[in-house]
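Structure file query.txt (compact mmCIF, C-alpha atoms) is printed below.
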# COMPACT_ATOMS: atom_id res chain seq x y z
CA MET A 1 91.63 -212.03 -15.81
CA SER A 2 93.31 -210.43 -12.79
CA ASP A 3 93.24 -206.63 -12.50
CA LYS A 4 96.59 -206.42 -10.74
CA VAL A 5 99.99 -208.00 -11.20
CA LYS A 6 103.30 -207.54 -9.45
CA VAL A 7 106.09 -207.37 -12.04
CA ALA A 8 109.87 -207.51 -11.68
CA LEU A 9 112.52 -206.42 -14.16
CA ILE A 10 115.90 -208.13 -13.86
CA GLN A 11 118.62 -205.65 -14.70
CA MET A 12 121.74 -207.57 -15.77
CA ASN A 13 125.37 -207.14 -16.72
CA SER A 14 125.68 -210.12 -19.04
CA GLY A 15 129.17 -211.37 -19.82
CA PRO A 16 130.45 -213.72 -22.52
CA ASP A 17 129.71 -216.98 -20.65
CA ILE A 18 126.16 -218.33 -21.02
CA ALA A 19 126.30 -220.61 -17.98
CA GLU A 20 127.46 -217.80 -15.68
CA ASN A 21 124.74 -215.45 -16.94
CA ILE A 22 122.08 -218.10 -16.30
CA ILE A 23 123.28 -218.45 -12.70
CA THR A 24 123.15 -214.67 -12.20
CA ALA A 25 119.68 -214.40 -13.73
CA GLU A 26 118.36 -217.34 -11.71
CA THR A 27 119.54 -215.81 -8.45
CA LEU A 28 117.72 -212.56 -9.19
CA ILE A 29 114.60 -214.33 -10.50
CA ARG A 30 114.37 -216.35 -7.30
CA GLU A 31 114.75 -213.20 -5.22
CA ALA A 32 112.05 -211.43 -7.23
CA ALA A 33 109.65 -214.37 -6.85
CA ALA A 34 110.31 -214.42 -3.09
CA LYS A 35 109.28 -210.75 -3.03
CA GLY A 36 105.97 -211.61 -4.65
CA ALA A 37 106.64 -210.99 -8.34
CA GLN A 38 104.24 -212.87 -10.63
CA PHE A 39 105.72 -211.76 -13.97
CA ILE A 40 109.52 -211.53 -14.20
CA LEU A 41 111.39 -210.17 -17.21
CA THR A 42 115.08 -210.24 -18.13
CA PRO A 43 116.81 -207.94 -20.65
CA GLU A 44 117.96 -208.32 -24.23
CA ASN A 45 121.01 -210.57 -24.57
CA THR A 46 120.23 -212.42 -21.36
CA CYS A 47 122.23 -215.42 -22.62
CA HIS A 48 125.44 -213.49 -23.33
CA ILE A 49 126.97 -210.34 -24.75
CA ARG A 50 129.93 -210.82 -27.08
CA ARG A 51 132.02 -208.34 -29.00
CA PRO A 52 132.75 -208.54 -31.85
CA ALA A 53 129.40 -209.96 -32.91
CA THR A 54 131.09 -212.79 -34.78
CA GLU A 55 132.02 -214.26 -31.39
CA LYS A 56 128.34 -214.44 -30.48
CA LEU A 57 127.67 -216.34 -33.69
CA LYS A 58 130.31 -218.90 -32.70
CA SER A 59 128.77 -219.48 -29.25
CA ALA A 60 125.02 -219.15 -29.97
CA LYS A 61 122.85 -222.20 -29.33
CA VAL A 62 120.02 -223.74 -31.35
CA MET A 63 116.48 -223.32 -30.04
CA GLU A 64 115.92 -226.97 -29.15
CA GLY A 65 117.51 -227.47 -25.76
CA HIS A 66 118.71 -223.87 -25.51
CA PRO A 67 120.15 -223.62 -21.97
CA VAL A 68 118.34 -220.37 -21.09
CA VAL A 69 114.96 -221.71 -22.22
CA THR A 70 115.49 -225.03 -20.45
CA ARG A 71 116.47 -223.39 -17.16
CA PHE A 72 113.88 -220.61 -17.25
CA SER A 73 111.10 -223.09 -18.07
CA ALA A 74 112.04 -225.19 -15.05
CA LEU A 75 112.25 -222.07 -12.87
CA ALA A 76 108.86 -220.78 -13.98
CA LYS A 77 107.23 -224.11 -13.12
CA GLU A 78 109.06 -224.43 -9.80
CA LEU A 79 108.29 -220.88 -8.67
CA GLY A 80 104.81 -220.64 -10.21
CA VAL A 81 105.62 -217.42 -12.09
CA TRP A 82 105.62 -216.17 -15.67
CA ILE A 83 109.08 -215.40 -17.05
CA MET A 84 110.10 -213.50 -20.14
CA ALA A 85 113.62 -214.18 -21.34
CA GLY A 86 114.08 -210.72 -22.83
CA SER A 87 116.18 -212.08 -25.62
CA ILE A 88 118.47 -214.99 -26.40
CA SER A 89 120.62 -215.75 -29.42
CA VAL A 90 119.20 -218.64 -31.43
CA LEU A 91 121.52 -220.23 -33.99
CA LEU A 92 120.13 -220.91 -37.46
CA PRO A 93 121.41 -223.45 -40.02
CA GLU A 94 122.48 -220.65 -42.37
CA GLN A 95 124.97 -219.38 -39.77
CA LYS A 96 122.91 -216.43 -38.69
CA ILE A 97 121.15 -215.94 -35.36
CA LEU A 98 117.72 -214.76 -34.27
CA ASN A 99 117.50 -212.21 -31.47
CA ARG A 100 114.51 -213.90 -29.82
CA SER A 101 112.32 -213.04 -26.83
CA ILE A 102 110.64 -215.99 -25.10
CA LEU A 103 107.50 -215.84 -22.93
CA ILE A 104 107.07 -218.77 -20.51
CA ASP A 105 103.98 -219.43 -18.40
CA ALA A 106 103.78 -220.62 -14.79
CA ASN A 107 103.64 -224.24 -15.95
CA GLY A 108 106.97 -223.87 -17.72
CA HIS A 109 105.47 -223.83 -21.21
CA ILE A 110 106.56 -221.44 -23.98
CA VAL A 111 103.44 -219.48 -24.90
CA ALA A 112 105.03 -217.01 -27.35
CA ASP A 113 108.29 -216.06 -28.99
CA TYR A 114 109.23 -212.92 -30.88
CA ASP A 115 112.20 -212.31 -33.18
CA LYS A 116 113.53 -208.75 -33.23
CA ILE A 117 112.34 -207.04 -36.42
CA HIS A 118 114.42 -203.86 -36.49
CA LEU A 119 118.18 -204.39 -36.34
CA PHE A 120 120.65 -201.94 -34.82
CA ASP A 121 122.86 -200.81 -37.72
CA VAL A 122 124.13 -197.38 -36.68
CA ASP A 123 127.13 -195.03 -36.67
CA LEU A 124 126.90 -192.98 -33.48
CA PRO A 125 128.37 -189.48 -33.07
CA THR A 126 130.71 -190.92 -30.41
CA GLY A 127 132.37 -193.11 -33.04
CA GLU A 128 130.62 -196.31 -31.94
CA VAL A 129 129.63 -198.51 -34.88
CA HIS A 130 127.07 -201.30 -34.58
CA ARG A 131 126.02 -203.71 -37.35
CA GLU A 132 123.54 -206.13 -35.82
CA SER A 133 122.48 -207.32 -39.27
CA ALA A 134 125.96 -208.75 -39.87
CA VAL A 135 125.04 -211.79 -37.79
CA VAL A 136 121.31 -211.44 -36.99
CA LYS A 137 118.41 -212.36 -39.24
CA PRO A 138 115.45 -209.97 -38.73
CA GLY A 139 112.06 -211.21 -37.62
CA THR A 140 108.99 -210.74 -39.79
CA ARG A 141 106.01 -210.89 -37.42
CA ALA A 142 104.57 -208.83 -34.59
CA VAL A 143 103.53 -210.84 -31.53
CA VAL A 144 100.77 -210.34 -28.97
CA ALA A 145 100.39 -213.03 -26.28
CA ASP A 146 97.62 -213.82 -23.81
CA THR A 147 98.48 -213.80 -20.09
CA PRO A 148 96.38 -213.88 -16.90
CA TRP A 149 96.68 -210.07 -16.83
CA GLY A 150 95.69 -209.33 -20.40
CA LYS A 151 97.52 -209.24 -23.69
CA VAL A 152 101.26 -208.55 -23.85
CA GLY A 153 102.89 -207.02 -26.93
CA MET A 154 106.51 -208.03 -27.47
CA ALA A 155 109.36 -205.88 -28.81
CA ILE A 156 113.14 -205.70 -28.36
CA CYS A 157 115.47 -202.70 -27.93
CA TYR A 158 115.88 -200.89 -31.30
CA ASP A 159 112.22 -201.69 -32.09
CA LEU A 160 111.50 -198.89 -29.61
CA ARG A 161 112.21 -196.29 -32.30
CA PHE A 162 109.46 -197.63 -34.58
CA ALA A 163 106.21 -196.33 -33.15
CA ALA A 164 104.08 -198.10 -35.75
CA LEU A 165 105.01 -201.50 -34.30
CA PHE A 166 103.71 -200.49 -30.87
CA ARG A 167 100.56 -199.07 -32.45
CA THR A 168 100.00 -202.42 -34.15
CA LEU A 169 100.49 -204.31 -30.89
CA SER A 170 98.17 -202.00 -28.97
CA LYS A 171 95.44 -202.13 -31.63
CA ALA A 172 95.69 -205.92 -31.40
CA GLY A 173 94.73 -205.62 -27.74
CA ALA A 174 98.04 -205.33 -25.89
CA SER A 175 97.75 -203.52 -22.58
CA ILE A 176 101.34 -204.30 -21.57
CA LEU A 177 104.25 -203.59 -23.94
CA THR A 178 107.62 -205.22 -23.25
CA VAL A 179 110.92 -203.74 -24.43
CA PRO A 180 113.91 -205.74 -23.13
CA ALA A 181 117.00 -203.83 -24.18
CA ALA A 182 120.76 -203.36 -24.21
CA PHE A 183 120.83 -199.62 -25.01
CA THR A 184 124.17 -197.92 -25.53
CA VAL A 185 125.11 -195.23 -23.04
CA PRO A 186 124.98 -192.25 -25.46
CA THR A 187 121.61 -193.23 -26.97
CA GLY A 188 120.31 -194.14 -23.53
CA LYS A 189 121.15 -190.74 -22.08
CA ALA A 190 119.58 -188.98 -25.06
CA HIS A 191 116.47 -191.04 -25.83
CA TRP A 192 115.69 -193.98 -23.48
CA HIS A 193 113.28 -192.31 -21.06
CA THR A 194 111.66 -190.13 -23.72
CA LEU A 195 110.93 -192.95 -26.18
CA LEU A 196 109.64 -195.38 -23.56
CA ARG A 197 107.33 -192.79 -22.00
CA ALA A 198 106.10 -191.82 -25.47
CA ARG A 199 105.24 -195.44 -26.32
CA ALA A 200 103.27 -195.70 -23.07
CA ILE A 201 101.45 -192.39 -23.53
CA GLU A 202 100.51 -192.72 -27.19
CA ASN A 203 99.12 -196.23 -26.69
CA GLY A 204 97.68 -195.93 -23.19
CA ALA A 205 99.65 -199.01 -22.14
CA PHE A 206 102.06 -200.16 -19.46
CA VAL A 207 105.65 -200.42 -20.67
CA LEU A 208 108.11 -202.84 -19.10
CA ALA A 209 111.73 -202.31 -20.15
CA PRO A 210 114.36 -204.52 -18.45
CA ALA A 211 117.85 -203.41 -19.44
CA GLN A 212 121.49 -204.42 -19.56
CA VAL A 213 123.83 -202.23 -17.52
CA GLY A 214 127.53 -201.50 -17.12
CA THR A 215 130.68 -202.55 -18.95
CA HIS A 216 130.77 -205.77 -20.98
CA GLU A 217 133.32 -207.65 -23.08
CA ALA A 218 135.70 -205.48 -25.14
CA GLY A 219 134.56 -202.34 -23.32
CA ARG A 220 130.98 -202.23 -24.57
CA GLU A 221 128.84 -200.14 -22.20
CA THR A 222 125.08 -200.29 -21.67
CA TYR A 223 122.85 -197.71 -20.07
CA GLY A 224 120.73 -199.59 -17.50
CA HIS A 225 117.84 -197.60 -16.03
CA SER A 226 115.28 -200.40 -16.39
CA LEU A 227 111.84 -198.77 -16.40
CA ILE A 228 108.26 -199.60 -15.47
CA ILE A 229 105.91 -196.96 -16.89
CA ASP A 230 102.15 -196.60 -16.54
CA PRO A 231 99.66 -195.72 -19.33
CA TRP A 232 99.77 -192.02 -18.45
CA GLY A 233 103.55 -191.96 -18.87
CA THR A 234 104.41 -191.94 -15.18
CA ILE A 235 107.57 -193.84 -14.22
CA LEU A 236 106.56 -196.29 -11.48
CA ALA A 237 110.02 -197.75 -10.88
CA GLU A 238 113.52 -197.29 -12.29
CA GLY A 239 116.85 -199.06 -12.03
CA ASP A 240 120.18 -197.30 -11.72
CA GLY A 241 122.90 -196.96 -14.33
CA GLU A 242 125.53 -199.07 -12.59
CA ASN A 243 124.29 -202.28 -10.99
CA ALA A 244 122.57 -205.58 -11.67
CA GLU A 245 119.37 -205.38 -9.62
CA ILE A 246 115.63 -206.04 -9.38
CA VAL A 247 113.14 -203.31 -10.28
CA MET A 248 109.57 -203.97 -9.10
CA ALA A 249 106.10 -202.44 -9.16
CA GLU A 250 102.47 -203.50 -9.00
CA LEU A 251 100.44 -202.78 -12.12
CA ASP A 252 96.76 -201.90 -11.84
CA LEU A 253 95.47 -202.90 -15.27
CA GLY A 254 92.39 -200.72 -14.77
CA ALA A 255 94.69 -197.79 -15.54
CA VAL A 256 94.79 -198.88 -19.19
CA LYS A 257 91.03 -198.47 -19.63
CA THR A 258 91.12 -195.17 -17.73
CA ALA A 259 93.83 -193.75 -19.99
CA ARG A 260 92.27 -195.03 -23.21
CA ASP A 261 88.81 -193.78 -22.24
CA ALA A 262 90.22 -190.34 -21.42
CA ILE A 263 92.23 -190.06 -24.66
CA PRO A 264 90.92 -192.68 -27.12
CA ALA A 265 93.67 -192.09 -29.66
CA LEU A 266 93.77 -195.76 -30.66
CA ILE A 267 90.39 -195.37 -32.36
CA HIS A 268 91.10 -191.95 -33.85
CA ASP A 269 93.54 -192.99 -36.58
CA ARG A 270 92.51 -191.71 -40.00
CA ASP A 271 93.58 -192.47 -43.53
CA TYR A 272 95.28 -189.59 -45.32
CA SER A 273 97.31 -188.80 -48.39
CA ILE A 274 100.54 -186.86 -48.74
CA ALA A 275 100.80 -183.89 -51.03

Any chance you could put this one into structure tokens?
Amino acid sequence: MSDKVKVALIQMNSGPDIAENIITAETLIREAAAKGAQFILTPENTCHIRRPATEKLKSAKVMEGHPVVTRFSALAKELGVWIMAGSISVLLPEQKILNRSILIDANGHIVADYDKIHLFDVDLPTGEVHRESAVVKPGTRAVVADTPWGKVGMAICYDLRFAALFRTLSKAGASILTVPAAFTVPTGKAHWHTLLRARAIENGAFVLAPAQVGTHEAGRETYGHSLIIDPWGTILAEGDGENAEIVMAELDLGAVKTARDAIPALIHDRDYSIA
């Protein structure tokens, strides 16, 4: 297992057309690989962002032969890098979709997939209403995957607010936690940095959070600010709130042991009752 890995987050402004988004992602993935990235991650909704959500249901693809998976698998093999498709929409026979993250190794093989467990059903103070569950079927399993740099725990966007999931992933050995996202602007401004840093600190893990950014179909806006955070909660690299771009840093995995040895909170959980 290697102690160091150079990672790249692809910050995107996905539109409604899957083919166009693949071209955009591929261009940035190739640039990141040319800069030395070994592990490259794209955000939630890499395939496309549609509004209303019923339009996404109409255009979602089945898993077998999904164009993002097919292209990213070929890219990973060609470039000799690991790629995480932060999430894609996978069409199910019952006319629902899975919001699925895909981890692909440097041989182009899928080594893990994770279906978003917690769905974004909210009424924001700004008047924004989101009902992800109207078209998305929730996942039912937490996922930790082996990589050359240690175990990776997979999550997606709204999962970020459920600390117990990240505790489960970390106790299962994850030293890197991935949170591809498409955060809204108001929730991003209020909570994005705080929640991501908290997940890193409380678990003594690296957090990689590639994000959507900018204005999308029907005026939907996402926050951007893709983040790479170390186990002590320090932000190593950050994207802006306006542009599609590459955010890179080198991770020293020894920092995980250092943080967990200093504050071994993962072994200090206790059973308790409530009065």

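The nearest approach to Gln212 (chain A) among the residues A:Gly224, A:Pro93, A:Gly80, A:Pro67, with all atoms listed in the file taken into account, belongs to A:Gly224.
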
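Restricting the calculation to all atoms listed in the file, the smallest distance between Leu75 (chain A) and any of A:Ile22, A:Leu91, A:Ile274, A:Met63 is found for A:Ile22.
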
Practice problem: Pick out the residues sitting within 8 Å of Pro186 (chain A), and hand them over as a list in words; count all atoms listed in the file, and ignore anything fewer than 3 positions along from it in its own chain. | Solution: Thr126, Lys189, Ala190 and Tyr223 of chain A

Size and centre in Å, one decimal, axis-aligned box, all listed region 116-132 of chain A atoms plus 3 Å per side, as lines of an AutoDock Vina configuration file:
center_x = 122.4
center_y = -199.1
center_z = -34.1
size_x = 26.0
size_y = 25.3
size_z = 13.3

Practice problem: Might you pull out every residue within 12 Å of Thr194 (chain A), with all atoms listed in the file counted and same-chain residues fewer than 4 positions away left off, and present them as JSON, numbers by chain? | Solution: {"A": [160, 161, 187, 188, 189, 190, 198, 199, 200, 201, 202, 227, 229, 233, 234, 235]}

Practice problem: Quick one: pull the distance between CA of His48 (chain A) and CA of Lys77 (chain A), Å, one decimal. | Solution: 23.4 Å

Practice problem: Compile the contact shell of Ala145 (chain A) as a PyMOL selection string: residues with an atom at most 12 Å away, counting all atoms listed in the file, same-chain residues fewer than 6 positions apart removed. | Solution: chain A and resi 84+101-105+110-114+151-155+169-170+172-178

Export, as an mmCIF file, in the coordinates of the input, the selected residues with C-alpha atoms.
data_model
loop_
_atom_site.group_PDB
_atom_site.id
_atom_site.type_symbol
_atom_site.label_atom_id
_atom_site.label_comp_id
_atom_site.auth_asym_id
_atom_site.auth_seq_id
_atom_site.Cartn_x
_atom_site.Cartn_y
_atom_site.Cartn_z
ATOM 1 C CA MET A 84 110.100 -213.500 -20.140
ATOM 2 C CA SER A 101 112.320 -213.040 -26.830
ATOM 3 C CA ILE A 102 110.640 -215.990 -25.100
ATOM 4 C CA LEU A 103 107.500 -215.840 -22.930
ATOM 5 C CA ILE A 104 107.070 -218.770 -20.510
ATOM 6 C CA ASP A 105 103.980 -219.430 -18.400
ATOM 7 C CA ILE A 110 106.560 -221.440 -23.980
ATOM 8 C CA VAL A 111 103.440 -219.480 -24.900
ATOM 9 C CA ALA A 112 105.030 -217.010 -27.350
ATOM 10 C CA ASP A 113 108.290 -216.060 -28.990
ATOM 11 C CA TYR A 114 109.230 -212.920 -30.880
ATOM 12 C CA LYS A 151 97.520 -209.240 -23.690
ATOM 13 C CA VAL A 152 101.260 -208.550 -23.850
ATOM 14 C CA GLY A 153 102.890 -207.020 -26.930
ATOM 15 C CA MET A 154 106.510 -208.030 -27.470
ATOM 16 C CA ALA A 155 109.360 -205.880 -28.810
ATOM 17 C CA LEU A 169 100.490 -204.310 -30.890
ATOM 18 C CA SER A 170 98.170 -202.000 -28.970
ATOM 19 C CA ALA A 172 95.690 -205.920 -31.400
ATOM 20 C CA GLY A 173 94.730 -205.620 -27.740
ATOM 21 C CA ALA A 174 98.040 -205.330 -25.890
ATOM 22 C CA SER A 175 97.750 -203.520 -22.580
ATOM 23 C CA ILE A 176 101.340 -204.300 -21.570
ATOM 24 C CA LEU A 177 104.250 -203.590 -23.940
ATOM 25 C CA THR A 178 107.620 -205.220 -23.250
#

Exercise. To one decimal in Å, tell me the separation between CA of Pro231 (chain A) and CA of Leu195 (chain A).
Key: 13.5 Å

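Residues lying within 7 Å of Gly150 (chain A), counting all atoms listed in the file and ignoring same-chain neighbours fewer than 3 positions away, are Met1, Asp146, Thr147 and Ser175 of chain A.
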
Practice problem: Counting only C-alpha atoms, figure out which residue out of A:Glu44, A:Val68, A:Pro16, A:Leu79 gets nearest to Phe183 (chain A). | Solution: A:Glu44

Exercise. Pick out the closest residue to Glu128 (chain A) from this set: A:Ala8, A:Val185, A:Ile267, A:Ala163. Count all atoms listed in the file.
Key: A:Val185

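Of note, CA of Cys157 (chain A) and CA of Pro180 (chain A) are spaced 5.9 Å apart.
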
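Residue nearest Leu251 (chain A), chosen from A:Ile18, A:Ala181, A:Ala37, A:Ile156 and counting only C-alpha atoms: A:Ala37.
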
Quiz prompt | Shell of 6 Å around Ile10 (chain A), all atoms listed in the file, local chain residues under 6 positions omitted, as JSON, numbers by chain | solution = {"A": [41, 42, 246]}

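If you measure from each of A:Glu26, A:Asp3, A:Asp115, A:Glu217 to Ser89 (chain A) using all atoms listed in the file, the closest one turns out to be A:Asp115.
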
Model the absent atoms of region 258-274 of chain A so that N, CA and C atoms are present, and write the result as a PDB file, keeping the file's coordinate frame.
ATOM      1  N   THR A 258      91.268-196.576 -18.120  1.00  0.00           N
ATOM      2  CA  THR A 258      91.120-195.170 -17.730  1.00  0.00           C
ATOM      3  C   THR A 258      91.824-194.245 -18.717  1.00  0.00           C
ATOM      4  N   ALA A 259      93.067-194.589 -19.071  1.00  0.00           N
ATOM      5  CA  ALA A 259      93.830-193.750 -19.990  1.00  0.00           C
ATOM      6  C   ALA A 259      93.224-193.761 -21.389  1.00  0.00           C
ATOM      7  N   ARG A 260      92.804-194.934 -21.850  1.00  0.00           N
ATOM      8  CA  ARG A 260      92.270-195.030 -23.210  1.00  0.00           C
ATOM      9  C   ARG A 260      90.870-194.433 -23.320  1.00  0.00           C
ATOM     10  N   ASP A 261      90.115-194.450 -22.230  1.00  0.00           N
ATOM     11  CA  ASP A 261      88.810-193.780 -22.240  1.00  0.00           C
ATOM     12  C   ASP A 261      88.984-192.261 -22.245  1.00  0.00           C
ATOM     13  N   ALA A 262      89.989-191.781 -21.510  1.00  0.00           N
ATOM     14  CA  ALA A 262      90.220-190.340 -21.420  1.00  0.00           C
ATOM     15  C   ALA A 262      90.717-189.777 -22.752  1.00  0.00           C
ATOM     16  N   ILE A 263      91.664-190.483 -23.370  1.00  0.00           N
ATOM     17  CA  ILE A 263      92.230-190.060 -24.660  1.00  0.00           C
ATOM     18  C   ILE A 263      92.203-191.272 -25.587  1.00  0.00           C
ATOM     19  N   PRO A 264      91.089-191.467 -26.304  1.00  0.00           N
ATOM     20  CA  PRO A 264      90.920-192.680 -27.120  1.00  0.00           C
ATOM     21  C   PRO A 264      91.627-192.622 -28.468  1.00  0.00           C
ATOM     22  N   ALA A 265      92.918-192.295 -28.420  1.00  0.00           N
ATOM     23  CA  ALA A 265      93.670-192.090 -29.660  1.00  0.00           C
ATOM     24  C   ALA A 265      93.750-193.344 -30.524  1.00  0.00           C
ATOM     25  N   LEU A 266      93.660-194.522 -29.896  1.00  0.00           N
ATOM     26  CA  LEU A 266      93.770-195.760 -30.660  1.00  0.00           C
ATOM     27  C   LEU A 266      92.626-195.958 -31.651  1.00  0.00           C
ATOM     28  N   ILE A 267      91.516-195.259 -31.428  1.00  0.00           N
ATOM     29  CA  ILE A 267      90.390-195.370 -32.360  1.00  0.00           C
ATOM     30  C   ILE A 267      90.223-194.108 -33.206  1.00  0.00           C
ATOM     31  N   HIS A 268      91.186-193.212 -33.107  1.00  0.00           N
ATOM     32  CA  HIS A 268      91.100-191.950 -33.850  1.00  0.00           C
ATOM     33  C   HIS A 268      92.027-191.893 -35.062  1.00  0.00           C
ATOM     34  N   ASP A 269      92.711-192.985 -35.369  1.00  0.00           N
ATOM     35  CA  ASP A 269      93.540-192.990 -36.580  1.00  0.00           C
ATOM     36  C   ASP A 269      92.695-192.741 -37.815  1.00  0.00           C
ATOM     37  N   ARG A 270      93.221-191.999 -38.754  1.00  0.00           N
ATOM     38  CA  ARG A 270      92.510-191.710 -40.000  1.00  0.00           C
ATOM     39  C   ARG A 270      93.424-191.954 -41.183  1.00  0.00           C
ATOM     40  N   ASP A 271      92.824-192.355 -42.281  1.00  0.00           N
ATOM     41  CA  ASP A 271      93.580-192.470 -43.530  1.00  0.00           C
ATOM     42  C   ASP A 271      93.832-191.070 -44.100  1.00  0.00           C
ATOM     43  N   TYR A 272      94.963-190.891 -44.728  1.00  0.00           N
ATOM     44  CA  TYR A 272      95.280-189.590 -45.320  1.00  0.00           C
ATOM     45  C   TYR A 272      96.267-189.789 -46.458  1.00  0.00           C
ATOM     46  N   SER A 273      96.357-188.775 -47.279  1.00  0.00           N
ATOM     47  CA  SER A 273      97.310-188.800 -48.390  1.00  0.00           C
ATOM     48  C   SER A 273      98.414-187.793 -48.094  1.00  0.00           C
ATOM     49  N   ILE A 274      99.466-187.843 -48.881  1.00  0.00           N
ATOM     50  CA  ILE A 274     100.540-186.860 -48.740  1.00  0.00           C
ATOM     51  C   ILE A 274     100.654-186.061 -50.026  1.00  0.00           C
TER      52      ILE A 274
END
